[in-house]
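Here is the structure we will look at, set down as structure tokens.
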Amino acid sequence: MARIVSSLSLEEKVAQMIQAEFSSITPQEAGSYGIGSILNGGGIFPNGNKHASPEEWAEQAQAFRDATTQFSKHRIPILWGTDAVHGHSNVFGATIFPHNIGLGAARDPALVERIAEATAREVYETGIDWTFAPTLAVVRDDRWGRSYEGYSEDPEIVEMYASRAILGLQGTPGNSEFMSDGKILATCKHFIGEGGTEGGRDQGDTVCSESELLDIHAPGHLRGIEAGALIVMAAFNSWRGSKVHGNSYLLNGVLKKQLGFRGFVVSDWDAFLQIDDDPTKSCELAVNAGVDMLMVSSDWRGVLGYLIDAANNKRISEERFDDAVTRILRLKEHAGLLDRCEPRKRVLVQNNPLLGCRQHRELAREAVRQSLVLLKNNGNLLPLQPNVRVAIAGDGAANIPKQCGGWSLTWQGHENTNEDFPQGETIYSAIASVVHEAGGTAAIVDSPPTSDEFDVAIVVFGENPYAEGDGDLNHLSFSRESPESLNLMRDFQSRGIPVVAVFITGRPRWINPELNASDAFVVAWLPGTEGGGIADVLFRRPDGTIQHDFQGRLSFSWPRTPRQTQVNRGDSNYDPLFPYGFGLTYQDPYSNLCELDETDCSTSPVQVRQRRSTIYSHL
């Protein structure tokens with residue numbers, strides 16, 4: 001490795017440290033400069049085609065590989081990274097699994113590993129070798145717009161899942177399966193403290209002691225590195241006022257020296273430019289702090305020039321450049337990139353295409369079943385008989401983009417339609433299939449009909465898609481921003497029709513009014529493309545027996561008030577509405593939730609209490 005590094009010119013070394021958004025660079029440019037990596041950001045597709053096929057993705061990957069292995073002087077393969085964060089979620093036709101918050105509720109490490117394996121197979125098939133996953137954030141304030149990317153508010157689950165996700169993606173280091181066909185590189189992200197920012201502000205400041213930073217926010221990263229993660233992505237946030245991307249103590253001192261991390265550190269999307277107003281100084285500070293590869297949205301030529309200038313003027317040492325390039329090339333060698341099956345051949349060698357295949361969709365459906373959390377079941381309304389007459393309402397009933405949330409085909413996720421998920425199943429269609437087969441009736445309604453037309457109403461509602469800072473909130477009240485579903489449930493109840501609420505959400509929200517307006521309340525999180533997993537649990541078999549029970553338990557404490565935005569297990573004043581670990585099953589003898597206080601204090605910090613206690617015998 002030292003021989004190869006010493007043979008590279010300064011310009012070639014710097015080029016290996018650049019990760020360019022592939023829409024901003026051609027294969028010919030990547031080859032002639034010797035660029036080390038490319039990525040596709042959310043909403044960026046081959047030839048701008050949102051519905052690009054696996055073959056088109058693979059051909060794009062092949063073009064970049066050819067340019068850097070056949071036509072460049074040193075034949076160093078380029079490395080392509082993508083945000084496959086809940087399945088290969090940027091690609092048309094892929095299986096979209098539940099977001100991490102739902103998997104946290106499932107409490108099943110083996111399931112997480114199986115999902116990672118399936119995701120790796122779909123990514124590999126499109127010619128890509130690296131995903132920016134798993135996210136190992138420990139979310140401490142539910143206002144954060146990336147809450148759903150975290151498994152839990154507590155490091156317990158994050159630590160438990162980290163190694164299984166990475167092993168599923170990469171395989172076990174030292175074994176023949178490691179980075180074999182169908183495996184891809186994982187990323188521990190984002191290092192460190194992103195889930196603890198003040199006010200839950202995306203890219204904000206995490207103000208805590210070093211012991212708290214390490215005890216709460218580091219365990220998942222420690223476990224991931226132990227499992228063989230070779231790439232760590234630095235976090236956008238600051239720690240006590242210092243941007244992590246420019247914090248040498250955390251990146252060089254803690255990560256590389258104390259933890260002995262031998263892989264490379266990649267920046268987040270242009271995040272290094274936040275260190276200083278001067279982009280030249282930002283690049284210099286980031287590299288000196290320990291960032292080895294800079295993820296650049298568009299101006300990769302400018303960043304290349306900034307780093308060369310810093311080298312020529314001794315602001316970044318030759319030793320630091322050699323260290324960064326050694327880490328990058330060592331990974332490429334260890335991952336066997338030069339000897340991997342060529343991208344365009346990966347689709348052809350599969351007897352059955354893997355993207356969105358039946359086996360992966362069945363796994364996603366299983367994950368949906370396991371992630372559902374039952375908060376309320378008054379009168380044991382659930383599970384329903386399948387021959388019931390059911391009214392289905394709410395803006396989430398027939399809305400696959402809403403089921404999937406952000407990071408689904410596009411970055412924010414709200415630009416999509418059902419047609420963008422051709423193999424997906426809406427919650428309505430899944431319910432209708434079960435009911436019609438058993439001789440019942442199911443219909444979507446816009447307003448409540450009379451009570452003698454239907455036996456029960458299922459109202460599917462919740463958050464619209466968002467990603468990152470666009471999802472940040474000031475408070476947690478759901479009805480304040482979206483009162484329509486609450487009014488609908490109240491109308492059903494006024495007509496004597498029992499209401500089952502199915503809540504689609506990327507985080508806990510204050511939903512006391514909705515809880516009062518429903519007879520049963522199910523948290524579905526962001527389930528992805530397989531709406532059938534919800535119908536599987538809501539309905540009995542035709543013979544009346546339970547088909548699937550609820551298994552999900554809260555990995556996030558549920559707020560008692562709209563202003564209870566930080567409520568985490570272990571807090572000295574811990575007083576949630578539903579505690580960490582809560583979740584009813586059909587076996588619970590008591591499931592009647594008393595009326596809750598509906599005072600919306602989202603404009604006032606006044607704390608309100610329940611009017612009457614909640615009684616659950618198993619707590």
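Identifiers for the structure tokens are assigned positionally: chains receive A, B, ... in sequence, residues are indexed from 1 per chain, and ligands are indexed from 1 in the order shown.
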Excluding stretch 523-535 of chain A and its own-chain neighbours fewer than 5 positions away, which residues fall within 7 Å of it when counting only C-alpha atoms? Please give them as a tab-separated table (two decimals) with all heavy atoms, in the first residue's frame.
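This went into selection.tsv:
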```tsv
chain	number	residue	atom	x	y	z
A	95	THR	N	-37.73	-2.67	-2.91
A	95	THR	CA	-38.50	-2.94	-1.71
A	95	THR	C	-38.20	-1.86	-0.68
A	95	THR	O	-37.03	-1.61	-0.36
A	95	THR	CB	-38.11	-4.31	-1.11
A	95	THR	OG1	-38.20	-5.30	-2.13
A	95	THR	CG2	-39.01	-4.67	0.05
A	96	ILE	N	-39.26	-1.22	-0.17
A	96	ILE	CA	-39.07	-0.17	0.83
A	96	ILE	C	-39.48	-0.74	2.19
A	96	ILE	O	-40.66	-1.01	2.44
A	96	ILE	CB	-39.89	1.09	0.51
A	96	ILE	CG1	-39.60	1.57	-0.91
A	96	ILE	CG2	-39.58	2.19	1.53
A	96	ILE	CD1	-38.19	1.99	-1.17
A	97	PHE	N	-38.51	-0.93	3.06
A	97	PHE	CA	-38.75	-1.48	4.39
A	97	PHE	C	-39.18	-0.38	5.35
A	97	PHE	O	-39.03	0.82	5.05
A	97	PHE	CB	-37.48	-2.15	4.91
A	97	PHE	CG	-37.07	-3.38	4.14
A	97	PHE	CD1	-36.20	-3.29	3.06
A	97	PHE	CD2	-37.57	-4.62	4.49
A	97	PHE	CE1	-35.83	-4.41	2.34
A	97	PHE	CE2	-37.21	-5.76	3.78
A	97	PHE	CZ	-36.34	-5.66	2.70
A	98	PRO	N	-39.71	-0.74	6.51
A	98	PRO	CA	-40.03	0.28	7.51
A	98	PRO	C	-38.78	1.09	7.88
A	98	PRO	O	-37.66	0.55	7.91
A	98	PRO	CB	-40.52	-0.54	8.72
A	98	PRO	CG	-41.03	-1.81	8.13
A	98	PRO	CD	-40.11	-2.09	6.97
A	99	HIS	N	-38.99	2.36	8.16
A	99	HIS	CA	-37.88	3.18	8.63
A	99	HIS	C	-37.39	2.67	9.99
A	99	HIS	O	-38.08	1.91	10.68
A	99	HIS	CB	-38.30	4.65	8.72
A	99	HIS	CG	-37.96	5.44	7.50
A	99	HIS	ND1	-36.67	5.65	7.08
A	99	HIS	CD2	-38.74	6.11	6.62
A	99	HIS	CE1	-36.67	6.40	5.99
A	99	HIS	NE2	-37.91	6.69	5.67
A	102	GLY	N	-39.46	2.18	13.27
A	102	GLY	CA	-40.33	1.01	13.33
A	102	GLY	C	-39.55	-0.24	13.67
A	102	GLY	O	-40.02	-1.08	14.46
A	361	ARG	N	-40.19	-8.55	-0.45
A	361	ARG	CA	-41.45	-7.91	-0.06
A	361	ARG	C	-42.10	-8.66	1.10
A	361	ARG	O	-42.70	-8.05	1.99
A	361	ARG	CB	-42.39	-7.84	-1.25
A	361	ARG	CG	-41.93	-6.87	-2.35
A	361	ARG	CD	-43.00	-6.71	-3.41
A	361	ARG	NE	-44.24	-6.21	-2.83
A	361	ARG	CZ	-45.44	-6.37	-3.38
A	361	ARG	NH1	-45.56	-7.06	-4.51
A	361	ARG	NH2	-46.51	-5.88	-2.81
A	364	ALA	N	-40.33	-7.54	4.14
A	364	ALA	CA	-40.78	-6.21	4.53
A	364	ALA	C	-42.15	-6.26	5.20
A	364	ALA	O	-42.41	-5.55	6.18
A	364	ALA	CB	-40.84	-5.30	3.30
A	365	ARG	N	-43.01	-7.12	4.70
A	365	ARG	CA	-44.34	-7.27	5.31
A	365	ARG	C	-44.23	-7.83	6.73
A	365	ARG	O	-44.94	-7.39	7.64
A	365	ARG	CB	-45.20	-8.19	4.43
A	365	ARG	CG	-46.64	-8.34	4.88
A	365	ARG	CD	-47.46	-8.98	3.77
A	365	ARG	NE	-48.85	-9.19	4.14
A	365	ARG	CZ	-49.83	-9.35	3.26
A	365	ARG	NH1	-49.56	-9.30	1.96
A	365	ARG	NH2	-51.07	-9.55	3.67
A	366	GLU	N	-43.33	-8.78	6.90
A	366	GLU	CA	-43.08	-9.31	8.24
A	366	GLU	C	-42.57	-8.21	9.17
A	366	GLU	O	-42.98	-8.11	10.34
A	366	GLU	CB	-42.05	-10.44	8.16
A	366	GLU	CG	-41.64	-11.02	9.50
A	366	GLU	CD	-40.51	-12.02	9.37
A	366	GLU	OE1	-40.21	-12.48	8.25
A	366	GLU	OE2	-39.91	-12.35	10.43
A	368	VAL	N	-43.19	-5.03	8.97
A	368	VAL	CA	-44.32	-4.16	9.31
A	368	VAL	C	-45.12	-4.77	10.46
A	368	VAL	O	-45.45	-4.09	11.44
A	368	VAL	CB	-45.23	-3.94	8.09
A	368	VAL	CG1	-46.48	-3.15	8.49
A	368	VAL	CG2	-44.47	-3.19	6.99
A	369	ARG	N	-45.42	-6.04	10.37
A	369	ARG	CA	-46.19	-6.71	11.44
A	369	ARG	C	-45.50	-6.58	12.79
A	369	ARG	O	-46.13	-6.31	13.81
A	369	ARG	CB	-46.38	-8.19	11.10
A	369	ARG	CG	-47.32	-8.49	9.96
A	369	ARG	CD	-47.74	-9.94	9.96
A	369	ARG	NE	-46.65	-10.88	9.78
A	369	ARG	CZ	-46.27	-11.39	8.61
A	369	ARG	NH1	-46.90	-11.02	7.49
A	369	ARG	NH2	-45.28	-12.26	8.53
A	372	LEU	N	-45.54	-2.79	14.51
A	372	LEU	CA	-46.76	-2.11	14.95
A	372	LEU	C	-46.88	-2.11	16.47
A	372	LEU	O	-46.65	-3.13	17.12
A	372	LEU	CB	-47.99	-2.80	14.35
A	372	LEU	CG	-48.06	-2.91	12.82
A	372	LEU	CD1	-49.30	-3.69	12.42
A	372	LEU	CD2	-48.05	-1.53	12.19
A	373	VAL	N	-47.29	-0.96	17.03
A	373	VAL	CA	-47.47	-0.85	18.47
A	373	VAL	C	-48.93	-0.49	18.76
A	373	VAL	O	-49.46	0.48	18.21
A	373	VAL	CB	-46.54	0.21	19.08
A	373	VAL	CG1	-46.80	0.36	20.59
A	373	VAL	CG2	-45.08	-0.15	18.83
A	374	LEU	N	-49.55	-1.27	19.61
A	374	LEU	CA	-50.95	-1.04	20.02
A	374	LEU	C	-50.96	-0.23	21.31
A	374	LEU	O	-50.49	-0.70	22.35
A	374	LEU	CB	-51.65	-2.39	20.20
A	374	LEU	CG	-53.13	-2.35	20.61
A	374	LEU	CD1	-53.98	-1.66	19.54
A	374	LEU	CD2	-53.65	-3.77	20.86
A	400	ILE	N	-49.24	5.44	-0.72
A	400	ILE	CA	-47.96	4.77	-0.49
A	400	ILE	C	-46.84	5.76	-0.16
A	400	ILE	O	-46.01	5.48	0.71
A	400	ILE	CB	-47.60	3.88	-1.69
A	400	ILE	CG1	-48.64	2.77	-1.85
A	400	ILE	CG2	-46.21	3.25	-1.50
A	400	ILE	CD1	-48.40	1.85	-3.02
A	403	GLN	N	-46.95	6.28	3.45
A	403	GLN	CA	-46.48	5.10	4.16
A	403	GLN	C	-44.94	5.07	4.21
A	403	GLN	O	-44.36	4.62	5.20
A	403	GLN	CB	-46.94	3.82	3.46
A	403	GLN	CG	-48.43	3.54	3.50
A	403	GLN	CD	-48.82	2.35	2.64
A	403	GLN	OE1	-49.96	2.25	2.21
A	403	GLN	NE2	-47.89	1.44	2.35
A	404	CYS	N	-44.31	5.51	3.14
A	404	CYS	CA	-42.86	5.37	3.02
A	404	CYS	C	-42.11	6.50	3.71
A	404	CYS	O	-41.02	6.29	4.25
A	404	CYS	CB	-42.45	5.32	1.55
A	404	CYS	SG	-43.00	3.81	0.71
A	405	GLY	N	-42.64	7.72	3.68
A	405	GLY	CA	-41.96	8.86	4.29
A	405	GLY	C	-40.82	9.36	3.45
A	405	GLY	O	-40.70	9.09	2.25
A	424	GLY	N	-45.87	-1.70	-4.66
A	424	GLY	CA	-46.32	-1.44	-3.30
A	424	GLY	C	-47.80	-1.72	-3.12
A	424	GLY	O	-48.56	-1.83	-4.09
A	425	GLU	N	-48.21	-1.85	-1.87
A	425	GLU	CA	-49.61	-2.11	-1.54
A	425	GLU	C	-50.08	-1.09	-0.52
A	425	GLU	O	-49.47	-0.93	0.54
A	425	GLU	CB	-49.77	-3.52	-0.98
A	425	GLU	CG	-51.22	-3.90	-0.69
A	425	GLU	CD	-51.37	-5.34	-0.23
A	425	GLU	OE1	-50.44	-5.87	0.40
A	425	GLU	OE2	-52.43	-5.94	-0.50
A	426	THR	N	-51.17	-0.40	-0.84
A	426	THR	CA	-51.72	0.55	0.11
A	426	THR	C	-52.39	-0.18	1.27
A	426	THR	O	-52.76	-1.36	1.17
A	426	THR	CB	-52.76	1.48	-0.55
A	426	THR	OG1	-53.92	0.70	-0.90
A	426	THR	CG2	-52.19	2.16	-1.78
A	427	ILE	N	-52.58	0.52	2.36
A	427	ILE	CA	-53.26	-0.07	3.51
A	427	ILE	C	-54.71	-0.38	3.15
A	427	ILE	O	-55.24	-1.43	3.52
A	427	ILE	CB	-53.16	0.90	4.71
A	427	ILE	CG1	-51.69	1.07	5.11
A	427	ILE	CG2	-53.98	0.38	5.90
A	427	ILE	CD1	-51.44	2.16	6.12
A	430	ALA	N	-54.91	-3.57	1.00
A	430	ALA	CA	-54.64	-4.75	1.81
A	430	ALA	C	-55.85	-5.13	2.65
A	430	ALA	O	-56.22	-6.31	2.74
A	430	ALA	CB	-53.43	-4.49	2.71
A	431	ILE	N	-56.47	-4.14	3.27
A	431	ILE	CA	-57.66	-4.40	4.09
A	431	ILE	C	-58.80	-4.90	3.22
A	431	ILE	O	-59.49	-5.87	3.56
A	431	ILE	CB	-58.07	-3.12	4.86
A	431	ILE	CG1	-57.02	-2.79	5.92
A	431	ILE	CG2	-59.46	-3.28	5.49
A	431	ILE	CD1	-57.24	-1.45	6.60
A	502	VAL	N	-55.16	4.26	12.80
A	502	VAL	CA	-53.84	3.78	12.37
A	502	VAL	C	-53.00	5.02	12.09
A	502	VAL	O	-53.28	5.78	11.15
A	502	VAL	CB	-53.95	2.89	11.12
A	502	VAL	CG1	-52.55	2.46	10.66
A	502	VAL	CG2	-54.80	1.65	11.42
A	503	PHE	N	-51.99	5.23	12.91
A	503	PHE	CA	-51.22	6.46	12.90
A	503	PHE	C	-49.89	6.24	12.19
A	503	PHE	O	-49.07	5.43	12.60
A	503	PHE	CB	-50.98	6.92	14.34
A	503	PHE	CG	-50.36	8.27	14.49
A	503	PHE	CD1	-50.73	9.34	13.67
A	503	PHE	CD2	-49.41	8.50	15.48
A	503	PHE	CE1	-50.16	10.59	13.83
A	503	PHE	CE2	-48.84	9.76	15.65
A	503	PHE	CZ	-49.21	10.81	14.82
A	504	ILE	N	-49.69	6.96	11.07
A	504	ILE	CA	-48.44	6.92	10.32
A	504	ILE	C	-47.57	8.07	10.79
A	504	ILE	O	-47.96	9.24	10.67
A	504	ILE	CB	-48.72	7.03	8.81
A	504	ILE	CG1	-49.53	5.82	8.33
A	504	ILE	CG2	-47.43	7.15	8.02
A	504	ILE	CD1	-50.00	5.94	6.89
A	505	THR	N	-46.39	7.76	11.31
A	505	THR	CA	-45.58	8.83	11.90
A	505	THR	C	-44.11	8.46	11.97
A	505	THR	O	-43.76	7.28	12.07
A	505	THR	CB	-46.09	9.17	13.32
A	505	THR	OG1	-45.35	10.28	13.85
A	505	THR	CG2	-45.95	7.98	14.26
A	506	GLY	N	-43.27	9.47	11.92
A	506	GLY	CA	-41.84	9.26	12.04
A	506	GLY	C	-41.32	9.53	13.43
A	506	GLY	O	-40.10	9.55	13.64
```
Tell me, counting only C-alpha atoms, for each residue of stretch 269-291 of chain A within 10 Å of stretch 8-31 of chain A, which pair of atoms is nearest and how far apart they are in Å to one decimal, in rows ordered by chain and increasing number, as JSON lines.
```
{"residue": "A:Trp269", "atom": "CA", "partner": "A:Glu21", "partner_atom": "CA", "distance": 9.3}
{"residue": "A:Val287", "atom": "CA", "partner": "A:Met17", "partner_atom": "CA", "distance": 9.5}
{"residue": "A:Val291", "atom": "CA", "partner": "A:Met17", "partner_atom": "CA", "distance": 9.2}
```
Please produce an output containing C-alpha atoms for each residue in the selection, written as a PDB file, in the first residue's frame.
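For reference, result-v6.pdb as written:
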```pdb
ATOM      1  CA  TRP A 269     -23.143  16.397   2.129  1.00  0.00           C
ATOM      2  CA  VAL A 287      -8.974  17.335   6.650  1.00  0.00           C
ATOM      3  CA  VAL A 291     -11.998  13.820   7.616  1.00  0.00           C
TER       4      VAL A 291
END
```
How close does each residue of stretch 84-166 of chain A get to stretch 473-488 of chain A, giving the shortest atom pair and distance in Å to one decimal for every residue with an atom at most 12 Å away, counting only C-alpha atoms, sorted by chain and residue number, as CSV?
```
residue,atom,partner,partner_atom,distance
A:Asp141,CA,A:Leu473,CA,10.1
A:Asp142,CA,A:Leu476,CA,7.7
A:Arg143,CA,A:Leu473,CA,4.7
A:Trp144,CA,A:Leu473,CA,6.7
A:Gly145,CA,A:Leu473,CA,7.1
A:Arg146,CA,A:Leu473,CA,10.7
A:Ser147,CA,A:Leu473,CA,10.9
```
Could those selected residues go to a file with all heavy atoms, as an mmCIF file, in the first residue's frame?
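Result file is result-v3.cif:
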```
data_model
loop_
_atom_site.group_PDB
_atom_site.id
_atom_site.type_symbol
_atom_site.label_atom_id
_atom_site.label_comp_id
_atom_site.auth_asym_id
_atom_site.auth_seq_id
_atom_site.Cartn_x
_atom_site.Cartn_y
_atom_site.Cartn_z
ATOM 1 N N ASP A 141 -34.641 14.256 21.440
ATOM 2 C CA ASP A 141 -35.684 15.281 21.328
ATOM 3 C C ASP A 141 -36.495 14.966 20.082
ATOM 4 O O ASP A 141 -35.988 15.014 18.963
ATOM 5 C CB ASP A 141 -35.064 16.675 21.236
ATOM 6 C CG ASP A 141 -36.086 17.794 21.372
ATOM 7 O OD1 ASP A 141 -37.164 17.713 20.741
ATOM 8 O OD2 ASP A 141 -35.823 18.771 22.109
ATOM 9 N N ASP A 142 -37.792 14.653 20.279
ATOM 10 C CA ASP A 142 -38.615 14.148 19.179
ATOM 11 C C ASP A 142 -38.996 15.213 18.157
ATOM 12 O O ASP A 142 -39.602 14.882 17.125
ATOM 13 C CB ASP A 142 -39.885 13.493 19.736
ATOM 14 C CG ASP A 142 -39.558 12.307 20.633
ATOM 15 O OD1 ASP A 142 -38.481 11.718 20.451
ATOM 16 O OD2 ASP A 142 -40.363 11.985 21.524
ATOM 17 N N ARG A 143 -38.641 16.455 18.403
ATOM 18 C CA ARG A 143 -38.887 17.495 17.391
ATOM 19 C C ARG A 143 -37.934 17.376 16.206
ATOM 20 O O ARG A 143 -38.171 17.970 15.153
ATOM 21 C CB ARG A 143 -38.748 18.879 18.027
ATOM 22 C CG ARG A 143 -39.862 19.241 18.981
ATOM 23 C CD ARG A 143 -39.580 20.538 19.723
ATOM 24 N NE ARG A 143 -38.457 20.391 20.656
ATOM 25 C CZ ARG A 143 -38.060 21.356 21.489
ATOM 26 N NH1 ARG A 143 -38.673 22.535 21.480
ATOM 27 N NH2 ARG A 143 -37.057 21.153 22.317
ATOM 28 N N TRP A 144 -36.872 16.636 16.376
ATOM 29 C CA TRP A 144 -35.849 16.514 15.328
ATOM 30 C C TRP A 144 -36.436 15.874 14.079
ATOM 31 O O TRP A 144 -37.106 14.847 14.135
ATOM 32 C CB TRP A 144 -34.697 15.666 15.862
ATOM 33 C CG TRP A 144 -33.495 15.584 14.977
ATOM 34 C CD1 TRP A 144 -32.990 16.560 14.161
ATOM 35 C CD2 TRP A 144 -32.625 14.456 14.838
ATOM 36 N NE1 TRP A 144 -31.863 16.103 13.521
ATOM 37 C CE2 TRP A 144 -31.621 14.825 13.915
ATOM 38 C CE3 TRP A 144 -32.598 13.185 15.410
ATOM 39 C CZ2 TRP A 144 -30.592 13.953 13.545
ATOM 40 C CZ3 TRP A 144 -31.576 12.315 15.040
ATOM 41 C CH2 TRP A 144 -30.588 12.698 14.123
ATOM 42 N N GLY A 145 -36.172 16.473 12.934
ATOM 43 C CA GLY A 145 -36.722 15.995 11.667
ATOM 44 C C GLY A 145 -36.135 14.686 11.176
ATOM 45 O O GLY A 145 -36.628 14.121 10.194
ATOM 46 N N ARG A 146 -35.104 14.177 11.852
ATOM 47 C CA ARG A 146 -34.525 12.896 11.469
ATOM 48 C C ARG A 146 -34.806 11.820 12.517
ATOM 49 O O ARG A 146 -34.159 10.760 12.517
ATOM 50 C CB ARG A 146 -33.006 13.029 11.258
ATOM 51 C CG ARG A 146 -32.631 14.058 10.228
ATOM 52 C CD ARG A 146 -31.147 14.032 9.888
ATOM 53 N NE ARG A 146 -30.817 12.918 8.997
ATOM 54 C CZ ARG A 146 -29.762 12.905 8.177
ATOM 55 N NH1 ARG A 146 -28.941 13.943 8.129
ATOM 56 N NH2 ARG A 146 -29.525 11.866 7.413
ATOM 57 N N SER A 147 -35.786 12.061 13.377
ATOM 58 C CA SER A 147 -36.063 11.103 14.448
ATOM 59 C C SER A 147 -36.307 9.704 13.911
ATOM 60 O O SER A 147 -35.868 8.703 14.492
ATOM 61 C CB SER A 147 -37.273 11.559 15.277
ATOM 62 O OG SER A 147 -36.973 12.711 16.023
#
```
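Excluding A:Ile308 itself and any same-chain residue fewer than 2 positions from it, the protein and nucleic acid residues within 10 Å of it, counting only C-alpha atoms, are Leu10, Glu11, Lys13, Val14, Ala15, Glu284, Gly302, Val303, Leu304, Gly305, Tyr306, Ala310, Ala311, Asn312, Asn313, Lys314, Arg315 and Ile316 of chain A.
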Export of prior selection with C-alpha atoms as a PDB file, in the first residue's frame:
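Output file again-v8.pdb is given in full below:
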```
ATOM      1  CA  LEU A  10      -0.281  15.298  -5.000  1.00  0.00           C
ATOM      2  CA  GLU A  11      -3.140  15.917  -7.421  1.00  0.00           C
ATOM      3  CA  LYS A  13      -3.884  11.856  -3.817  1.00  0.00           C
ATOM      4  CA  VAL A  14      -6.269  14.763  -3.413  1.00  0.00           C
ATOM      5  CA  ALA A  15      -8.579  13.340  -6.102  1.00  0.00           C
ATOM      6  CA  GLU A 284      -8.253  22.605   5.389  1.00  0.00           C
ATOM      7  CA  GLY A 302     -13.154  23.913  -6.373  1.00  0.00           C
ATOM      8  CA  VAL A 303     -12.590  21.569  -3.425  1.00  0.00           C
ATOM      9  CA  LEU A 304      -9.813  19.824  -5.339  1.00  0.00           C
ATOM     10  CA  GLY A 305      -8.144  23.191  -5.845  1.00  0.00           C
ATOM     11  CA  TYR A 306      -8.565  24.238  -2.210  1.00  0.00           C
ATOM     12  CA  ALA A 310      -3.439  23.908   1.254  1.00  0.00           C
ATOM     13  CA  ALA A 311      -0.821  21.260   0.479  1.00  0.00           C
ATOM     14  CA  ASN A 312       1.399  23.584  -1.505  1.00  0.00           C
ATOM     15  CA  ASN A 313       1.307  26.113   1.307  1.00  0.00           C
ATOM     16  CA  LYS A 314       1.910  23.478   4.006  1.00  0.00           C
ATOM     17  CA  ARG A 315      -1.430  24.097   5.741  1.00  0.00           C
ATOM     18  CA  ILE A 316      -2.099  20.363   5.407  1.00  0.00           C
TER      19      ILE A 316
END
```
Exercise. List every residue of stretch 359-497 of chain A that DSSP, applied to the backbone of this structure, places in strand (DSSP E), and write the result as a ChimeraX atom specification.
Key: /A:373-377,389-393,441-444,456-462
Using only C-alpha atoms, I'd like a table of the residues in stretch 492-590 of chain A that come within 10 Å of stretch 385-394 of chain A; for each, show the closest atom pair and its distance in Å rounded to one decimal, ordered by chain and ascending number, as JSON lines.
```
{"residue": "A:Phe492", "atom": "CA", "partner": "A:Ala391", "partner_atom": "CA", "distance": 9.7}
{"residue": "A:Ile497", "atom": "CA", "partner": "A:Ala391", "partner_atom": "CA", "distance": 9.4}
{"residue": "A:Val499", "atom": "CA", "partner": "A:Ala391", "partner_atom": "CA", "distance": 9.5}
{"residue": "A:Val500", "atom": "CA", "partner": "A:Ile392", "partner_atom": "CA", "distance": 9.6}
{"residue": "A:Ala501", "atom": "CA", "partner": "A:Gly394", "partner_atom": "CA", "distance": 9.4}
{"residue": "A:Val502", "atom": "CA", "partner": "A:Gly394", "partner_atom": "CA", "distance": 9.3}
{"residue": "A:Ala535", "atom": "CA", "partner": "A:Pro386", "partner_atom": "CA", "distance": 9.8}
{"residue": "A:Leu538", "atom": "CA", "partner": "A:Gln385", "partner_atom": "CA", "distance": 8.9}
{"residue": "A:Phe539", "atom": "CA", "partner": "A:Pro386", "partner_atom": "CA", "distance": 5.7}
{"residue": "A:Arg540", "atom": "CA", "partner": "A:Gln385", "partner_atom": "CA", "distance": 5.4}
{"residue": "A:Arg541", "atom": "CA", "partner": "A:Pro386", "partner_atom": "CA", "distance": 6.8}
{"residue": "A:Pro542", "atom": "CA", "partner": "A:Pro386", "partner_atom": "CA", "distance": 6.2}
{"residue": "A:Asp543", "atom": "CA", "partner": "A:Gln385", "partner_atom": "CA", "distance": 8.9}
{"residue": "A:Gly544", "atom": "CA", "partner": "A:Gln385", "partner_atom": "CA", "distance": 6.6}
{"residue": "A:Thr545", "atom": "CA", "partner": "A:Gln385", "partner_atom": "CA", "distance": 9.2}
{"residue": "A:Ile546", "atom": "CA", "partner": "A:Gln385", "partner_atom": "CA", "distance": 9.6}
```
Quiz item: Out of stretch 268-407 of chain A, which residues get helix (DSSP H, G or I) from DSSP, as a VMD selection string?
Solution: chain A and resid 271 to 274 279 to 289 300 to 312 318 to 334 337 to 339 343 to 348 358 to 371 378 to 380 400 to 404
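Among the candidates A:Val139, A:Val5, A:Leu103, A:Val459, the residue lying nearest to A:Arg201 is A:Val139 (atoms considered: only C-alpha atoms).
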